[in-house]
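Undergrad: Shown below is the structure under consideration.
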Amino acid sequence: MTKPVTGQQKRKKLAILISGRGSNMLAIADACASGELQADIALVLSNRPDAPGLEFAKTKGIATEAIDHTTFTSRANFDAELQKRLELVNPDWIVLAGFMRILGSVFVERWEGRIINIHPSLLPLYPGLDTHARAIAAGDSEAGASVHLVTSELDAGPVLAQVRVPILSGDTPLELAQRVITHEHTLYVTALKHCVNTPFD
Ligand code: GRF
């Protein structure tokens, strides 16, 4: 996966956190491999050992780990273990891609400004779960996805990029989700291009 440093730009190191299918993670992996994204995925980590995305990452030759959140007695203990693992990797960016755990403020402050998430709604609309069902129930004409920096408040950090997708008459939440997810892949790669070009001090 490692590509040579081009010009002055050093390829950034990503750690991607997932809980499930990992289609956004795969889109990012493809963009890294093609050179579209000047970054490498150092680790894909899941809180669910059976997340299909872990197997997909392995087929791409990407290092994977699982930290099963159900084996921890508190959210803080899980966060501490996650932090320990990530310290070893020392990523430039922590990329949440369908990671279904809320991260506590200690963790978020440790990596402040370097955690990015994709959320399937036009934030600030519909933070939390069941976004597409809520958009349909509200009679909205469009749904979408947002890439945002992660803060301690759920789905409330600064929005970096959004994509708008029409809601069609008769759409089910699943149909809408399937339409939105393809746009998510492009959106996340585009947003990450800007992130990896951000110099840190
Ligand atoms: C995506 O819809 C993302 O916006 C949300 O969780 C879903 C993850 O899908 N946070 P995938 O695992 O990347 O396929």
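To be explicit about the labels: the chains of the structure tokens are called A, B, and onward in the order shown, and within each one the residues are counted from 1, while ligands get numbers from 1 in the order they are shown.
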Let's see if you can do this: from backbone DSSP, list all helix (DSSP H, G or I) residues in range 17-72 of chain A, as a PyMOL selection string.
TA: chain A and resi 23-34+52-59+69-71
Undergrad: Would you mind exporting C-alpha atoms of the selected residues as an mmCIF file, in the first residue's frame?
TA:
data_model
loop_
_atom_site.group_PDB
_atom_site.id
_atom_site.type_symbol
_atom_site.label_atom_id
_atom_site.label_comp_id
_atom_site.auth_asym_id
_atom_site.auth_seq_id
_atom_site.Cartn_x
_atom_site.Cartn_y
_atom_site.Cartn_z
ATOM 1 C CA SER A 23 -18.219 0.344 2.156
ATOM 2 C CA ASN A 24 -16.952 3.854 2.914
ATOM 3 C CA MET A 25 -13.720 2.346 4.244
ATOM 4 C CA LEU A 26 -13.323 0.420 0.969
ATOM 5 C CA ALA A 27 -13.903 3.551 -1.109
ATOM 6 C CA ILE A 28 -11.180 5.290 0.895
ATOM 7 C CA ALA A 29 -8.864 2.279 0.515
ATOM 8 C CA ASP A 30 -9.360 2.349 -3.255
ATOM 9 C CA ALA A 31 -8.638 6.086 -3.366
ATOM 10 C CA CYS A 32 -5.417 5.529 -1.384
ATOM 11 C CA ALA A 33 -4.368 2.672 -3.658
ATOM 12 C CA SER A 34 -5.042 4.620 -6.863
ATOM 13 C CA PRO A 52 -17.781 -7.779 7.466
ATOM 14 C CA GLY A 53 -15.601 -4.738 6.757
ATOM 15 C CA LEU A 54 -12.705 -6.346 8.648
ATOM 16 C CA GLU A 55 -12.581 -9.205 6.149
ATOM 17 C CA PHE A 56 -12.879 -6.796 3.215
ATOM 18 C CA ALA A 57 -9.955 -4.761 4.607
ATOM 19 C CA LYS A 58 -7.844 -7.911 4.968
ATOM 20 C CA THR A 59 -8.416 -8.762 1.298
ATOM 21 C CA HIS A 69 -16.877 -3.258 23.239
ATOM 22 C CA THR A 70 -19.079 -5.853 24.953
ATOM 23 C CA THR A 71 -16.085 -7.078 26.961
#
Undergrad: Mind checking which residues fall within 12 Å of Leu125 in chain A, counting only C-alpha atoms, ignoring those fewer than 3 positions away in the same chain, and posting them as a list in words?
TA: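 The contact residues come out as His119, Pro120, Ser121, Leu122, Gly128, Leu129, Asp130, Thr131, His132, Arg134, Ala135, Ala138, Asp140, Glu142, Ala143, Gly144, Ala145, Ser146, Asp155, Ala156, Val159 and Gln162 of chain A.
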Undergrad: Taking into account only C-alpha atoms and all ligand atoms, which residue in the set A:Arg85, A:Arg48, A:Lys60, A:Arg110 is nearest to ligand 1?
TA: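 Among A:Arg85, A:Arg48, A:Lys60, A:Arg110, it is A:Arg48 that comes nearest to ligand 1.
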Undergrad: Could you pull the residues within 6 Å of Leu149 in chain A, counting only C-alpha atoms, minus those fewer than 2 positions along the same chain, as number ranges by chain?
TA: A: 115-116, 157-158
Undergrad: Residues near Glu153 in chain A, anyone? I mean within 10 Å using only C-alpha atoms, not counting same-chain ones fewer than 3 positions away, as an MDAnalysis selection string.
TA: chainID A and resid 102:105 108 150 156:157
Undergrad: According to DSSP computed on the backbone, where in range 22-142 of chain A is there strand (DSSP E or B)? Give the residues as a PyMOL selection string.
TA: chain A and resi 39-46+64-66+93-96+115-119+142
Undergrad: Output the selection as a PDB file, in the first residue's frame - N, CA and C atoms for each residue.
TA:
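What ended up in result.pdb:
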ATOM      1  N   ALA A  39      -2.667   9.289   1.008  1.00  0.00           N
ATOM      2  CA  ALA A  39      -2.751   8.757   2.368  1.00  0.00           C
ATOM      3  C   ALA A  39      -2.658   7.245   2.313  1.00  0.00           C
ATOM      4  N   ASP A  40      -2.342   6.662   3.449  1.00  0.00           N
ATOM      5  CA  ASP A  40      -2.329   5.208   3.588  1.00  0.00           C
ATOM      6  C   ASP A  40      -3.133   4.835   4.819  1.00  0.00           C
ATOM      7  N   ILE A  41      -3.813   3.717   4.725  1.00  0.00           N
ATOM      8  CA  ILE A  41      -4.589   3.240   5.873  1.00  0.00           C
ATOM      9  C   ILE A  41      -3.685   2.352   6.718  1.00  0.00           C
ATOM     10  N   ALA A  42      -3.342   2.844   7.902  1.00  0.00           N
ATOM     11  CA  ALA A  42      -2.436   2.077   8.769  1.00  0.00           C
ATOM     12  C   ALA A  42      -3.195   0.990   9.510  1.00  0.00           C
ATOM     13  N   LEU A  43      -4.484   1.225   9.745  1.00  0.00           N
ATOM     14  CA  LEU A  43      -5.263   0.271  10.534  1.00  0.00           C
ATOM     15  C   LEU A  43      -6.748   0.466  10.284  1.00  0.00           C
ATOM     16  N   VAL A  44      -7.459  -0.656  10.161  1.00  0.00           N
ATOM     17  CA  VAL A  44      -8.929  -0.640  10.222  1.00  0.00           C
ATOM     18  C   VAL A  44      -9.307  -1.356  11.503  1.00  0.00           C
ATOM     19  N   LEU A  45     -10.027  -0.672  12.345  1.00  0.00           N
ATOM     20  CA  LEU A  45     -10.355  -1.217  13.665  1.00  0.00           C
ATOM     21  C   LEU A  45     -11.875  -1.235  13.843  1.00  0.00           C
ATOM     22  N   SER A  46     -12.377  -2.339  14.355  1.00  0.00           N
ATOM     23  CA  SER A  46     -13.822  -2.452  14.593  1.00  0.00           C
ATOM     24  C   SER A  46     -14.102  -2.773  16.053  1.00  0.00           C
ATOM     25  N   THR A  64      -5.794  -5.087  10.385  1.00  0.00           N
ATOM     26  CA  THR A  64      -7.086  -4.941  11.073  1.00  0.00           C
ATOM     27  C   THR A  64      -6.955  -5.346  12.535  1.00  0.00           C
ATOM     28  N   GLU A  65      -7.841  -4.791  13.328  1.00  0.00           N
ATOM     29  CA  GLU A  65      -7.935  -5.188  14.738  1.00  0.00           C
ATOM     30  C   GLU A  65      -9.387  -5.080  15.148  1.00  0.00           C
ATOM     31  N   ALA A  66      -9.743  -5.835  16.173  1.00  0.00           N
ATOM     32  CA  ALA A  66     -11.080  -5.697  16.756  1.00  0.00           C
ATOM     33  C   ALA A  66     -10.913  -5.472  18.254  1.00  0.00           C
ATOM     34  N   TRP A  93      -5.039  11.127  10.926  1.00  0.00           N
ATOM     35  CA  TRP A  93      -6.499  11.283  10.958  1.00  0.00           C
ATOM     36  C   TRP A  93      -7.146   9.990  11.424  1.00  0.00           C
ATOM     37  N   ILE A  94      -8.147  10.134  12.278  1.00  0.00           N
ATOM     38  CA  ILE A  94      -8.993   8.998  12.659  1.00  0.00           C
ATOM     39  C   ILE A  94     -10.303   9.174  11.901  1.00  0.00           C
ATOM     40  N   VAL A  95     -10.605   8.196  11.071  1.00  0.00           N
ATOM     41  CA  VAL A  95     -11.736   8.300  10.151  1.00  0.00           C
ATOM     42  C   VAL A  95     -12.839   7.357  10.622  1.00  0.00           C
ATOM     43  N   LEU A  96     -13.951   7.909  11.043  1.00  0.00           N
ATOM     44  CA  LEU A  96     -15.076   7.079  11.470  1.00  0.00           C
ATOM     45  C   LEU A  96     -15.923   6.775  10.239  1.00  0.00           C
ATOM     46  N   ILE A 115     -10.398  13.927  14.130  1.00  0.00           N
ATOM     47  CA  ILE A 115     -11.371  12.832  13.984  1.00  0.00           C
ATOM     48  C   ILE A 115     -12.462  13.332  13.046  1.00  0.00           C
ATOM     49  N   ILE A 116     -12.765  12.529  12.053  1.00  0.00           N
ATOM     50  CA  ILE A 116     -13.730  12.926  11.027  1.00  0.00           C
ATOM     51  C   ILE A 116     -14.768  11.810  10.913  1.00  0.00           C
ATOM     52  N   ASN A 117     -16.002  12.214  10.638  1.00  0.00           N
ATOM     53  CA  ASN A 117     -17.093  11.232  10.575  1.00  0.00           C
ATOM     54  C   ASN A 117     -17.967  11.515   9.359  1.00  0.00           C
ATOM     55  N   ILE A 118     -18.631  10.474   8.874  1.00  0.00           N
ATOM     56  CA  ILE A 118     -19.668  10.686   7.855  1.00  0.00           C
ATOM     57  C   ILE A 118     -20.994  10.276   8.449  1.00  0.00           C
ATOM     58  N   HIS A 119     -21.979  11.154   8.259  1.00  0.00           N
ATOM     59  CA  HIS A 119     -23.299  10.930   8.849  1.00  0.00           C
ATOM     60  C   HIS A 119     -24.339  11.008   7.732  1.00  0.00           C
ATOM     61  N   GLU A 142     -35.466  16.189   0.126  1.00  0.00           N
ATOM     62  CA  GLU A 142     -34.116  15.687  -0.107  1.00  0.00           C
ATOM     63  C   GLU A 142     -33.488  15.196   1.188  1.00  0.00           C
TER      64      GLU A 142
END
Undergrad: Set the distance at 8 Å and use only C-alpha atoms: which residues neighbour Arg179 in chain A once local chain neighbours fewer than 4 positions away are removed? I'd like the list as a PyMOL selection string.
TA: chain A and resi 165+175+183
Undergrad: Okay, now the selection with N, CA and C atoms, as a short mmCIF file (atom, residue, chain, number, x, y, z; two decimals), in the first residue's frame?
TA:
data_model
loop_
_atom_site.label_atom_id
_atom_site.label_comp_id
_atom_site.auth_asym_id
_atom_site.auth_seq_id
_atom_site.Cartn_x
_atom_site.Cartn_y
_atom_site.Cartn_z
N VAL A 165 -29.26 14.53 -1.91
CA VAL A 165 -29.80 13.45 -2.74
C VAL A 165 -31.33 13.55 -2.66
N GLU A 175 -34.31 1.98 0.40
CA GLU A 175 -34.05 2.47 -0.96
C GLU A 175 -33.30 3.79 -0.93
N HIS A 183 -23.23 8.09 -3.01
CA HIS A 183 -22.75 9.48 -2.96
C HIS A 183 -21.83 9.68 -1.76
#
Undergrad: Find the residues near Ala76 in chain A: any atom within 9 Å, counting only C-alpha atoms, skip ones fewer than 2 places away on the same chain, and give them as a list in words.
TA: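 Selected residues are Phe72, Thr73, Ser74, Phe78, Asp79, Ala80, Glu81, Leu103, Gly104, Val106 and Phe107 of chain A.
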Undergrad: Using only C-alpha atoms and all ligand atoms, can you tell me which of A:Val189, A:Ala97, A:Ala133, A:Ile16 comes closest to ligand 1?
TA: A:Ala97
Undergrad: Please determine, counting only C-alpha atoms, which residue among A:Leu86, A:Lys193, A:Arg164, A:Gly61 has the shortest atom-to-atom distance to Leu123 in chain A.
TA: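 So, comparing all the options, the nearest one is A:Arg164.
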Undergrad: Record the distance separating CA of Arg114 in chain A and CA of Leu192 in chain A, expressed in Å with one decimal.
TA: 11.0 Å
Undergrad: Could you check how far CA of Thr172 in chain A sits from CA of Gly98 in chain A, in Å to one decimal?
TA: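 Interatomic distance, CA of Thr172 in chain A to CA of Gly98 in chain A: 20.3 Å.
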Undergrad: Ranking A:Thr182, A:Asn77, A:Gln83, A:Gln38 by minimum distance to ligand 1 and counting only C-alpha atoms and all ligand atoms, which one comes first?
TA: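 Of all the options, A:Thr182 lies closest to ligand 1.
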Undergrad: So, with only C-alpha atoms and all ligand atoms as the atoms that count, which of A:Leu176, A:Ile136, A:Val89, A:Leu160 lies closest to ligand 1?
TA: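 Of A:Leu176, A:Ile136, A:Val89, A:Leu160, the one nearest ligand 1, counting only C-alpha atoms and all ligand atoms, is A:Leu176.
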